[in-house]
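**Student:** Below you'll find input-v5.cif; it's mmCIF, C-alpha atoms.
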data_start
loop_
_atom_site.label_atom_id
_atom_site.label_comp_id
_atom_site.auth_asym_id
_atom_site.auth_seq_id
_atom_site.Cartn_x
_atom_site.Cartn_y
_atom_site.Cartn_z
CA MET U 1 44.21 14.27 43.03
CA MET U 2 42.84 12.97 39.70
CA ASP U 3 41.87 15.58 37.13
CA PHE U 4 38.05 15.80 36.81
CA ASP U 5 37.98 15.47 33.00
CA ALA U 6 40.40 12.58 33.12
CA GLU U 7 38.25 10.88 35.75
CA VAL U 8 35.08 11.32 33.69
CA GLY U 9 36.85 9.99 30.63
CA HIS U 10 38.06 6.98 32.62
CA LEU U 11 34.56 6.26 33.87
CA VAL U 12 33.08 6.55 30.38
CA GLN U 13 35.70 4.18 29.07
CA ASP U 14 34.82 1.65 31.78
CA VAL U 15 31.07 1.60 30.99
CA ARG U 16 31.34 1.85 27.21
CA ALA U 17 29.46 -0.98 25.46
CA PRO U 18 31.69 -3.56 23.81
CA GLU U 19 31.99 -3.55 20.02
CA PRO U 20 29.49 -5.99 18.48
CA GLN U 21 30.98 -9.24 17.31
CA ARG U 22 31.25 -9.27 13.52
CA SER U 23 31.04 -13.00 12.82
CA GLY U 24 29.38 -16.14 14.11
CA THR U 25 28.47 -19.69 13.15
CA LEU U 26 25.28 -21.13 11.68
CA VAL U 27 23.85 -23.73 14.06
CA ARG U 28 20.41 -24.57 12.70
CA LEU U 29 18.08 -24.29 9.69
CA VAL U 30 14.30 -24.65 10.21
CA GLY U 31 12.27 -24.01 7.07
CA MET U 32 13.40 -20.55 5.94
CA ARG U 33 14.72 -19.60 9.39
CA LEU U 34 18.44 -19.67 10.00
CA GLU U 35 19.77 -19.69 13.56
CA THR U 36 23.24 -18.46 14.42
CA ARG U 37 25.34 -17.89 17.53
CA GLY U 38 28.52 -16.05 18.28
CA ILE U 39 27.49 -12.80 16.57
CA MET U 40 25.83 -9.67 17.94
CA ALA U 41 23.52 -7.77 15.59
CA PRO U 42 20.30 -5.74 16.01
CA LEU U 43 16.95 -6.42 14.36
CA GLY U 44 17.02 -5.39 10.72
CA ALA U 45 20.77 -5.94 10.34
CA CYS U 46 22.04 -7.55 7.15
CA CYS U 47 24.40 -10.53 7.34
CA GLU U 48 26.23 -12.76 4.88
CA VAL U 49 26.02 -16.52 5.40
CA ARG U 50 28.88 -18.35 3.69
CA GLY U 51 28.95 -22.13 3.36
CA GLN U 52 32.06 -24.28 3.47
CA MET U 53 31.85 -24.95 -0.26
CA GLY U 54 31.90 -21.24 -1.11
CA HIS U 55 28.15 -20.72 -1.50
CA SER U 56 26.82 -17.58 0.16
CA VAL U 57 23.49 -15.85 0.75
CA GLU U 58 22.52 -12.61 2.42
CA ALA U 59 19.98 -12.62 5.25
CA GLU U 60 18.26 -10.20 7.59
CA VAL U 61 18.02 -10.46 11.37
CA VAL U 62 14.30 -10.92 12.10
CA GLY U 63 14.39 -12.08 15.72
CA PHE U 64 16.50 -13.41 18.57
CA ASN U 65 16.28 -15.63 21.63
CA ASP U 66 18.96 -15.07 24.25
CA GLN U 67 22.28 -15.44 22.37
CA THR U 68 20.69 -16.97 19.25
CA LEU U 69 19.85 -14.77 16.27
CA TYR U 70 17.10 -15.68 13.80
CA LEU U 71 17.89 -14.83 10.18
CA MET U 72 15.68 -14.91 7.09
CA PRO U 73 17.62 -15.30 3.80
CA PHE U 74 16.97 -13.12 0.75
CA THR U 75 17.27 -16.18 -1.54
CA ASP U 76 17.02 -19.94 -1.14
CA PRO U 77 19.85 -21.10 1.17
CA VAL U 78 21.14 -23.68 -1.33
CA GLY U 79 24.66 -24.87 -0.48
CA ILE U 80 24.48 -23.67 3.13
CA GLY U 81 25.16 -26.31 5.77
CA PRO U 82 26.06 -26.74 9.46
CA GLY U 83 29.02 -24.67 10.58
CA ALA U 84 28.58 -22.01 7.89
CA SER U 85 30.09 -18.69 8.85
CA VAL U 86 27.87 -15.65 9.43
CA ARG U 87 29.31 -12.17 8.92
CA LEU U 88 27.68 -8.83 9.78
CA ILE U 89 27.46 -6.57 6.70
CA SER U 90 25.45 -3.64 8.03
CA SER U 91 23.66 -3.03 11.31
CA SER U 92 20.84 -0.83 9.96
CA ALA U 93 18.56 -0.75 6.91
CA GLN U 94 19.18 2.39 4.87
CA VAL U 95 18.40 3.39 1.31
CA ARG U 96 19.90 5.93 -1.09
CA LEU U 97 17.40 8.37 -2.56
CA GLY U 98 17.42 11.10 -5.17
CA PRO U 99 15.80 12.41 -8.39
CA ALA U 100 17.74 9.76 -10.34
CA LEU U 101 15.15 7.21 -9.15
CA LEU U 102 12.51 8.65 -11.49
CA GLY U 103 11.87 6.40 -14.44
CA ARG U 104 13.52 3.40 -12.78
CA ILE U 105 12.35 -0.09 -11.82
CA LEU U 106 13.90 -1.47 -8.63
CA ASP U 107 13.75 -4.58 -6.48
CA GLY U 108 13.31 -4.76 -2.71
CA ARG U 109 16.98 -3.90 -2.09
CA GLY U 110 17.05 -0.90 -4.41
CA GLU U 111 18.88 -2.77 -7.16
CA PRO U 112 17.77 -2.03 -10.74
CA LEU U 113 15.55 -4.51 -12.56
CA ASP U 114 15.48 -2.59 -15.84
CA GLY U 115 18.98 -3.56 -16.99
CA LYS U 116 20.34 -0.03 -16.53
CA PRO U 117 23.18 1.04 -14.22
CA ALA U 118 22.32 1.64 -10.58
CA PRO U 119 20.89 5.15 -10.01
CA ILE U 120 23.34 7.61 -8.49
CA CYS U 121 21.70 9.04 -5.37
CA GLU U 122 23.33 11.12 -2.64
CA ASP U 123 20.68 11.27 0.11
CA VAL U 124 20.60 8.41 2.62
CA LEU U 125 17.54 7.73 4.80
CA SER U 126 16.34 4.96 7.06
CA LEU U 127 14.22 2.41 5.26
CA HIS U 128 11.54 2.80 7.93
CA GLY U 129 11.15 6.56 7.50
CA ARG U 130 10.49 9.18 10.16
CA LEU U 131 7.30 9.67 12.16
CA ILE U 132 5.31 12.87 11.74
CA ASN U 133 3.67 14.47 14.76
CA PRO U 134 -0.07 14.28 14.00
CA MET U 135 -0.45 17.90 15.14
CA GLU U 136 1.99 18.98 12.42
CA ARG U 137 0.15 17.34 9.54
CA GLY U 138 -1.71 19.58 7.14
CA PRO U 139 -5.44 19.10 6.45
CA ILE U 140 -6.92 17.26 3.47
CA ASN U 141 -8.68 20.16 1.77
CA GLN U 142 -7.80 19.87 -1.94
CA VAL U 143 -9.77 17.70 -4.36
CA LEU U 144 -7.78 15.04 -6.18
CA ASP U 145 -9.08 14.56 -9.73
CA VAL U 146 -8.65 10.85 -10.52
CA GLY U 147 -10.50 10.88 -13.85
CA VAL U 148 -12.83 8.00 -12.83
CA LYS U 149 -16.47 9.10 -12.86
CA ALA U 150 -17.75 6.89 -10.05
CA ILE U 151 -14.95 8.04 -7.73
CA ASN U 152 -14.89 11.72 -8.70
CA GLY U 153 -18.65 12.10 -8.37
CA MET U 154 -19.64 9.64 -5.63
CA LEU U 155 -16.43 9.05 -3.62
CA THR U 156 -14.51 12.29 -4.01
CA LEU U 157 -10.88 11.99 -2.92
CA GLY U 158 -8.53 14.62 -1.50
CA ARG U 159 -4.78 15.05 -1.79
CA GLY U 160 -3.17 13.10 1.04
CA GLN U 161 -6.04 10.64 1.47
CA ARG U 162 -5.41 6.91 2.07
CA LEU U 163 -7.82 4.70 0.10
CA GLY U 164 -8.33 0.95 -0.15
CA LEU U 165 -9.46 -0.93 -3.28
CA ILE U 166 -11.14 -3.97 -1.74
CA ALA U 167 -12.22 -6.94 -3.85
CA GLY U 168 -11.89 -10.63 -4.50
CA SER U 169 -9.69 -11.97 -7.26
CA GLY U 170 -10.55 -11.31 -10.89
CA VAL U 171 -13.01 -8.42 -10.54
CA GLY U 172 -10.91 -5.63 -12.06
CA LYS U 173 -8.62 -4.30 -9.32
CA SER U 174 -5.60 -4.11 -11.60
CA VAL U 175 -7.53 -2.40 -14.40
CA LEU U 176 -8.95 0.22 -12.03
CA LEU U 177 -5.48 0.73 -10.55
CA GLY U 178 -4.15 1.32 -14.06
CA MET U 179 -6.89 3.88 -14.73
CA LEU U 180 -6.03 5.75 -11.52
CA THR U 181 -2.35 5.70 -12.48
CA ARG U 182 -2.96 7.18 -15.93
CA PHE U 183 -5.73 9.64 -15.10
CA THR U 184 -4.64 11.10 -11.74
CA GLU U 185 -2.63 14.31 -11.82
CA ALA U 186 0.45 13.96 -9.60
CA ASP U 187 4.02 15.28 -9.60
CA VAL U 188 5.47 11.84 -8.86
CA VAL U 189 3.96 8.34 -8.95
CA VAL U 190 5.49 5.62 -6.74
CA ILE U 191 4.27 2.08 -7.37
CA GLY U 192 4.90 -0.98 -5.23
CA LEU U 193 4.00 -4.33 -6.80
CA ILE U 194 4.29 -6.62 -3.78
CA GLY U 195 3.73 -10.37 -3.88
CA GLU U 196 1.85 -10.39 -7.17
CA ARG U 197 2.55 -12.32 -10.38
CA GLY U 198 5.88 -11.52 -11.99
CA ARG U 199 4.37 -11.04 -15.44
CA GLU U 200 2.28 -8.14 -14.11
CA VAL U 201 5.37 -5.94 -13.73
CA GLN U 202 6.00 -5.69 -17.46
CA ALA U 203 2.26 -5.59 -18.22
CA PHE U 204 1.72 -2.72 -15.77
CA ILE U 205 4.51 -0.70 -17.37
CA GLU U 206 3.32 -1.26 -20.94
CA GLU U 207 -0.45 -1.06 -20.41
CA SER U 208 -0.84 1.35 -17.49
CA LEU U 209 2.20 3.63 -17.41
CA GLY U 210 3.68 3.88 -20.88
CA ALA U 211 6.91 5.75 -21.59
CA GLU U 212 5.51 9.14 -20.55
CA GLY U 213 4.06 7.84 -17.30
CA LEU U 214 7.19 5.91 -16.40
CA ALA U 215 9.31 9.07 -16.73
CA LYS U 216 7.71 10.56 -13.60
CA SER U 217 7.35 7.25 -11.76
CA VAL U 218 9.37 4.91 -9.57
CA LEU U 219 8.36 1.26 -9.61
CA VAL U 220 9.43 -1.17 -6.88
CA ALA U 221 8.70 -4.82 -7.61
CA ALA U 222 8.93 -7.88 -5.37
CA PRO U 223 6.86 -10.69 -6.93
CA ALA U 224 5.46 -13.68 -5.08
CA ASN U 225 8.48 -15.92 -5.72
CA VAL U 226 10.96 -13.82 -3.74
CA SER U 227 11.73 -14.06 -0.03
CA PRO U 228 9.13 -12.57 2.36
CA VAL U 229 11.91 -10.37 3.75
CA LEU U 230 12.46 -8.82 0.31
CA ARG U 231 8.72 -8.32 -0.10
CA LEU U 232 8.62 -6.37 3.17
CA LYS U 233 11.74 -4.40 2.25
CA ALA U 234 10.12 -3.50 -1.09
CA THR U 235 7.04 -2.26 0.78
CA HIS U 236 9.10 -0.06 3.10
CA MET U 237 11.15 1.18 0.12
CA THR U 238 7.98 2.17 -1.72
CA HIS U 239 6.93 4.25 1.28
CA VAL U 240 10.30 5.88 1.95
CA ILE U 241 10.64 6.90 -1.73
CA ALA U 242 7.18 8.50 -1.56
CA GLU U 243 8.15 10.24 1.69
CA TYR U 244 11.34 11.56 0.13
CA PHE U 245 9.50 13.29 -2.73
CA ARG U 246 6.69 14.47 -0.45
CA ASP U 247 9.20 16.21 1.81
CA GLN U 248 10.40 18.10 -1.27
CA GLY U 249 6.93 19.63 -1.53
CA LYS U 250 5.65 17.37 -4.31
CA ASN U 251 2.22 15.79 -4.56
CA VAL U 252 2.88 12.07 -4.73
CA LEU U 253 0.52 9.30 -5.79
CA MET U 254 1.56 6.01 -4.16
CA LEU U 255 0.03 2.73 -5.30
CA VAL U 256 0.63 -0.51 -3.38
CA ASP U 257 -0.60 -3.76 -4.88
CA SER U 258 -1.36 -5.44 -2.60
CA LEU U 259 -1.64 -4.80 1.14
CA THR U 260 -2.84 -8.38 1.63
CA ARG U 261 0.39 -9.80 0.16
CA VAL U 262 2.35 -7.56 2.53
CA ALA U 263 0.41 -9.13 5.39
CA HIS U 264 1.18 -12.59 3.99
CA ALA U 265 4.91 -11.78 3.95
CA GLN U 266 4.83 -10.63 7.57
CA ARG U 267 2.83 -13.74 8.48
CA GLU U 268 5.50 -15.99 6.93
CA ILE U 269 8.22 -14.24 8.93
CA GLY U 270 6.24 -14.13 12.18
CA LEU U 271 5.33 -17.81 12.10
CA ALA U 272 8.91 -18.76 11.18
CA ILE U 273 10.33 -17.10 14.29
CA GLY U 274 7.67 -18.57 16.59
CA GLU U 275 4.94 -15.93 16.90
CA PRO U 276 1.58 -17.39 17.95
CA PRO U 277 -1.05 -17.38 15.17
CA THR U 278 -4.30 -15.52 15.80
CA ALA U 279 -7.15 -14.73 13.35
CA LYS U 280 -6.74 -16.78 10.16
CA GLY U 281 -3.21 -17.66 11.17
CA TYR U 282 -1.98 -14.05 11.21
CA PRO U 283 0.43 -13.32 14.09
CA PRO U 284 0.10 -10.10 16.15
CA SER U 285 2.97 -8.43 14.25
CA VAL U 286 0.76 -8.21 11.13
CA PHE U 287 -1.82 -6.10 12.95
CA ALA U 288 0.94 -3.80 14.19
CA LEU U 289 2.64 -3.48 10.79
CA LEU U 290 -0.30 -2.43 8.60
CA PRO U 291 -1.44 0.69 10.55
CA ASN U 292 2.19 1.82 10.82
CA LEU U 293 2.60 1.56 7.04
CA ILE U 294 -0.65 3.40 6.33
CA GLU U 295 0.23 6.23 8.72
CA ARG U 296 3.39 6.93 6.72
CA ALA U 297 1.22 8.30 3.91
CA GLY U 298 -0.85 11.48 4.04
CA VAL U 299 -0.27 15.22 3.99
CA GLY U 300 3.22 16.34 5.03
CA ARG U 301 4.24 18.72 7.80
CA HIS U 302 2.16 21.92 7.74
CA GLY U 303 0.70 20.99 4.34
CA HIS U 304 4.13 20.70 2.73
CA GLY U 305 3.64 18.05 0.03
CA SER U 306 1.36 15.04 0.19
CA ILE U 307 1.19 11.30 -0.39
CA THR U 308 -2.13 10.09 -1.71
CA ALA U 309 -1.98 6.35 -1.09
CA ILE U 310 -4.09 3.70 -2.80
CA TYR U 311 -3.76 0.17 -1.42
CA THR U 312 -5.38 -2.83 -3.02
CA VAL U 313 -6.80 -5.32 -0.50
CA LEU U 314 -7.68 -8.85 -1.55
CA ALA U 315 -10.88 -10.09 0.08
CA GLU U 316 -10.07 -13.79 0.04
CA GLY U 317 -13.10 -15.82 -1.01
CA ASP U 318 -15.00 -12.50 -1.36
CA ASP U 319 -15.10 -12.41 2.44
CA GLY U 320 -15.77 -8.83 3.50
CA ASN U 321 -14.98 -9.77 7.11
CA ASP U 322 -11.45 -11.02 6.40
CA PRO U 323 -9.16 -9.71 9.20
CA ILE U 324 -6.94 -7.82 6.73
CA VAL U 325 -10.00 -6.19 5.15
CA ASP U 326 -11.22 -5.23 8.64
CA ILE U 327 -7.97 -3.60 9.71
CA ALA U 328 -7.64 -1.82 6.35
CA ARG U 329 -11.15 -0.38 6.68
CA ALA U 330 -10.37 0.80 10.21
CA SER U 331 -7.06 2.43 9.27
CA LEU U 332 -7.77 3.98 5.87
CA ASP U 333 -9.62 7.19 5.00
CA GLY U 334 -12.08 5.33 2.80
CA GLN U 335 -12.58 2.30 0.63
CA VAL U 336 -13.80 1.40 -2.83
CA MET U 337 -15.51 -1.99 -2.85
CA LEU U 338 -15.56 -3.91 -6.11
CA SER U 339 -18.47 -6.27 -6.71
CA ARG U 340 -18.17 -9.66 -8.41
CA LYS U 341 -21.87 -9.44 -9.27
CA LEU U 342 -21.30 -6.20 -11.21
CA ALA U 343 -18.17 -7.61 -12.87
CA ASP U 344 -20.10 -10.70 -13.98
CA ALA U 345 -22.64 -8.35 -15.59
CA ALA U 346 -19.80 -6.60 -17.51
CA HIS U 347 -20.30 -3.43 -15.44
CA TYR U 348 -16.81 -1.88 -15.31
CA PRO U 349 -15.36 -0.50 -13.17
CA ALA U 350 -17.31 -2.82 -10.86
CA ILE U 351 -17.59 -0.26 -8.04
CA ASP U 352 -20.24 -1.13 -5.47
CA LEU U 353 -21.51 2.16 -4.05
CA ASN U 354 -23.26 0.37 -1.19
CA GLY U 355 -19.99 -0.70 0.39
CA SER U 356 -17.81 2.24 -0.63
CA ILE U 357 -17.12 5.47 1.23
CA SER U 358 -14.79 8.47 1.24
CA ARG U 359 -14.39 9.80 4.76
CA VAL U 360 -13.22 13.25 3.66
CA MET U 361 -15.77 13.83 0.90
CA GLN U 362 -17.93 16.16 3.01
CA ASN U 363 -14.94 18.48 3.47
CA LEU U 364 -14.27 18.75 -0.27
CA LEU U 365 -17.64 19.25 -1.95
CA SER U 366 -20.01 22.19 -1.81
CA PRO U 367 -23.30 21.54 0.06
CA ILE U 368 -25.27 21.29 -3.20
CA ASP U 369 -22.84 18.84 -4.82
CA LEU U 370 -22.72 16.75 -1.65
CA LYS U 371 -26.54 16.66 -1.55
CA ARG U 372 -26.66 15.48 -5.17
CA ALA U 373 -24.09 12.76 -4.55
CA ASN U 374 -26.01 11.51 -1.51
CA ARG U 375 -29.29 11.47 -3.47
CA PHE U 376 -27.63 9.53 -6.30
CA ARG U 377 -26.29 6.96 -3.82
CA ARG U 378 -29.67 6.66 -2.09
CA LEU U 379 -31.53 6.05 -5.34
CA TRP U 380 -28.93 3.49 -6.39
CA SER U 381 -29.19 1.72 -3.04
CA ILE U 382 -32.99 1.68 -2.86
CA TYR U 383 -33.14 0.08 -6.31
CA GLN U 384 -30.65 -2.59 -5.24
CA GLN U 385 -32.73 -3.34 -2.14
CA ASN U 386 -35.90 -3.84 -4.19
CA GLN U 387 -34.40 -5.35 -7.32
CA ASP U 388 -35.99 -8.78 -6.86
CA LEU U 389 -39.47 -7.29 -6.45
CA ILE U 390 -39.01 -5.13 -9.54
CA GLN U 391 -37.75 -7.96 -11.73
CA VAL U 392 -40.62 -10.33 -10.89
CA GLY U 393 -43.18 -7.55 -11.37
CA ALA U 394 -44.32 -7.55 -7.74
CA TYR U 395 -43.75 -3.81 -7.27
CA GLU U 396 -46.70 -1.54 -8.03
CA ALA U 397 -45.68 1.80 -9.51
CA GLY U 398 -46.67 4.82 -7.46
CA SER U 399 -46.46 3.17 -4.04
CA ASN U 400 -42.99 4.60 -3.32
CA PRO U 401 -42.00 7.90 -5.00
CA GLU U 402 -38.28 7.39 -4.30
CA LEU U 403 -38.30 3.91 -5.78
CA ASP U 404 -40.22 5.22 -8.79
CA ALA U 405 -37.46 7.80 -9.33
CA ALA U 406 -34.79 5.09 -8.90
CA ILE U 407 -36.48 2.90 -11.55
CA ARG U 408 -36.83 5.83 -13.96
CA LEU U 409 -33.22 6.99 -13.55
CA ARG U 410 -31.62 3.54 -13.38
CA PRO U 411 -30.41 3.39 -17.03
CA VAL U 412 -28.66 6.79 -16.92
CA MET U 413 -27.21 6.06 -13.48
CA GLU U 414 -25.71 2.80 -14.78
CA GLN U 415 -24.34 4.64 -17.78
CA PHE U 416 -22.68 7.20 -15.50
CA LEU U 417 -21.03 4.57 -13.29
CA GLN U 418 -19.60 2.62 -16.23
CA GLN U 419 -16.49 3.91 -17.99
CA ASP U 420 -14.07 2.88 -20.70
CA MET U 421 -10.59 2.25 -19.31
CA HIS U 422 -9.04 4.74 -21.77
CA SER U 423 -11.54 7.62 -21.37
CA PRO U 424 -11.07 9.89 -18.34
CA LEU U 425 -13.62 12.47 -17.21
CA SER U 426 -12.56 15.52 -15.21
CA PHE U 427 -13.89 16.34 -11.76
CA SER U 428 -15.91 19.37 -12.88
CA GLU U 429 -17.45 17.40 -15.77
CA CYS U 430 -18.39 14.62 -13.33
CA LEU U 431 -20.26 17.04 -11.06
CA ALA U 432 -22.11 18.52 -14.05
CA THR U 433 -23.01 15.02 -15.28
CA VAL U 434 -24.38 14.02 -11.86
CA ALA U 435 -26.65 17.10 -11.89
CA HIS U 436 -27.83 16.19 -15.40
CA VAL U 437 -28.51 12.56 -14.43
CA LEU U 438 -30.69 13.69 -11.50
CA ASP U 439 -32.54 16.20 -13.73
CA GLU U 440 -31.33 19.12 -11.59
#
Please, can you express the file's structure as structure tokens?
**Tutor:**
Amino acid sequence: MMDFDAEVGHLVQDVRAPEPQRSGTLVRLVGMRLETRGIMAPLGACCEVRGQMGHSVEAEVVGFNDQTLYLMPFTDPVGIGPGASVRLISSSAQVRLGPALLGRILDGRGEPLDGKPAPICEDVLSLHGRLINPMERGPINQVLDVGVKAINGMLTLGRGQRLGLIAGSGVGKSVLLGMLTRFTEADVVVIGLIGERGREVQAFIEESLGAEGLAKSVLVAAPANVSPVLRLKATHMTHVIAEYFRDQGKNVLMLVDSLTRVAHAQREIGLAIGEPPTAKGYPPSVFALLPNLIERAGVGRHGHGSITAIYTVLAEGDDGNDPIVDIARASLDGQVMLSRKLADAAHYPAIDLNGSISRVMQNLLSPIDLKRANRFRRLWSIYQQNQDLIQVGAYEAGSNPELDAAIRLRPVMEQFLQQDMHSPLSFSECLATVAHVLDE
């Protein structure tokens, strides 16, 4: 009679999955999509494609169809031709993390861009992070002082909040992002510059961070000229670095510029592997990716650490109904709308109170401060609604007491909402200034 353990071992050996094949052959190139057969690899695996003349590129598995794998190269596949060999390098996307990342500038693969040796890190985590049970998350109950008057007083933020900066091009998103970077108090700042102009990396470091700010920051850059796969990897790396420091109990400020370019990268990949386009050409995978990214930020387990996330969102053509703007508004804890009209009038930061909201503000302010902020916003809005009548002299003073107050207070309200990019104002000073503006 066969021994039971031996029998079980024999059965396990019979059903054990075969080892994945480690090499295959390139059979097709369509745009930026490489197709290979003869190799088994999961989604997210990294492969090396080597041409017959010795040229090689690395690529990521982004899809499959039956026995055919779809790869997206990290660089232009120059020198790669039919029959090129494809070799599996790693079957999962992981990243090394540690305190040595502070003060460093990295690309989408974690390689240094600052000319220094690679940071020595011992902890290894999945690039896609770990989900947090929503019942284990701590509440957003601490005010985050960002030093910007219009936000501190009218759109109060909390530690662990997710906020969108929504605007068209050229209305001051980058300047406001720099102000938030310099003025906000945080233990660690993690910055992802995704799909933007390459020159902005150096400019952001010199003008927004400085040497002192860079010392407590990690900057991940993947400009517009790199592969969409690297842009997505840089986005995930930005989030996993922030998660790493949050899980150590630190209050992290994470800035991603921009969420729209992340969506563009996913759109390029989705269309390349045959996903059907939907609204504005975005495939369904885009609308699955963005909420998953946003949910990675927030307060940690049981209030242990936090990630306050600020995402810039480009409203293409100043279209407030752009599908990316819509999904950002639905997924975030608030938004700051920037107005081209205010920017054209040299009103900076060009924050439009009529379209902006903080969904946790009522949990952070005292009843009296919340009442003042709401009255300020109402007076600002009622003036905007009647501006044409006022300017042409069609409004008769005394017919609307609220509008009379809005006209009287308009100059000091404008002065409060405008701010020099190098002059922060603390949260407590903002609340006192709002009371003074309203004559209370």
**Student:** Extract, using all atoms listed in the file, all DNA, RNA and protein residues at most 12 Å from Lys371 of chain U, discarding same-chain residues fewer than 6 positions from it, and format them as a list in words.
**Tutor:**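 Close residues of Lys371 of chain U: Gly153, Met154, Met361, Gln362, Leu365, Arg377, Arg378, Leu431, Val434, Ala435, Leu438 and Glu440 of chain U.
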**Student:** Kindly indicate which residue among U:Val299, U:Ile351, U:Leu409, U:Leu230 lies nearest to Lys250 of chain U, using only C-alpha atoms for the distances.
**Tutor:**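 Result for the nearest residue to Lys250 of chain U: U:Val299.
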**Student:** With the file shown as input, list the residues that the PyMOL selection byres ((chain U and resi 233) around 10) selects, as a PyMOL selection string.
**Tutor:** chain U and resi 93+107-110+127-128+194+220+222+227-232+234-239+262
**Student:** Considering all atoms listed in the file, can you say which of U:Ala263, U:Cys46, U:Gly168, U:Glu136 comes closest to Glu316 of chain U?
**Tutor:**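 Looking at the shortest contact to Glu316 of chain U, the residue is U:Gly168.
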**Student:** Looking at U:Gly213, U:Gln335, U:Asn152, U:Ser23, which one is nearest to Leu102 of chain U, with distances taken over all atoms listed in the file?
**Tutor:**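 Residue with the minimum atom-to-atom distance to Leu102 of chain U: U:Gly213.
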**Student:** For the atom pair atom CA of Asn225 of chain U and atom CA of Val86 of chain U, what is the interatomic distance in Å to one decimal place?
**Tutor:**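 Computing it gives 24.6 Å between the two atoms.
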**Student:** List the neighbours of Phe376 of chain U out to 12 Å using only C-alpha atoms; skip same-chain residues closer than 3 positions along the sequence, and give me the result as JSON, numbers by chain.
**Tutor:** {"U": [150, 153, 154, 155, 353, 354, 369, 370, 371, 372, 373, 379, 380, 381, 382, 383, 402, 405, 406, 409, 410, 412, 413, 414, 416, 417, 431, 433, 434, 435, 436, 437, 438, 439, 440]}
**Student:** Find the residue from U:Pro73, U:Gly270, U:Gly103, U:Gly164 that sits nearest to Gly210 of chain U; use all atoms listed in the file when measuring.
**Tutor:**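 Among the listed residues, U:Gly103 lies closest to Gly210 of chain U.
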**Student:** For Gln248 of chain U, which residue among U:Asn65, U:Ser306, U:Ser356, U:Ser56 is the nearest when counting only C-alpha atoms?
**Tutor:**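 With only C-alpha atoms as the atom set, the closest residue is U:Ser306.
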**Student:** Might I get the box with edges along x, y and z of the file that holds all atoms of segment 164-167 of chain U listed there, padded by 8 Å on every side, given as centre and edge lengths in Å to one decimal, as AutoDock Vina command-line options?
**Tutor:**
--center_x -10.3 --center_y -3.0 --center_z -2.0 --size_x 19.9 --size_y 23.9 --size_z 19.7
**Student:** Between atom CA of His55 of chain U and atom CA of Gly31 of chain U, what is the spacing in Å?
**Tutor:** 18.3 Å
**Student:** With distances taken over all atoms listed in the file, which residue among U:Leu180, U:Arg137, U:Gly81, U:Ser217 lies nearest Leu101 of chain U?
**Tutor:** U:Ser217
**Student:** For the file shown, report as a PyMOL selection string the outcome of the PyMOL selection byres ((chain U and resi 310) around 9) at residue level.
**Tutor:** chain U and resi 161-165+177+253-257+308-309+311-312
**Student:** Check what the PyMOL selection byres ((chain U and resi 275-290) around 10) selects in the file above and give those residues as a PyMOL selection string.
**Tutor:** chain U and resi 259-260+262-274+291-295+322-324+327-328+331
**Student:** To one decimal in Å, tell me the separation between atom CA of Val61 of chain U and atom CA of Glu243 of chain U.
**Tutor:** 24.9 Å
**Student:** Extract, using all atoms listed in the file, all DNA, RNA and protein residues at most 10 Å from Gly54 of chain U, discarding same-chain residues fewer than 6 positions from it, and format them as a PyMOL selection string.
**Tutor:** chain U and resi 79-80+84
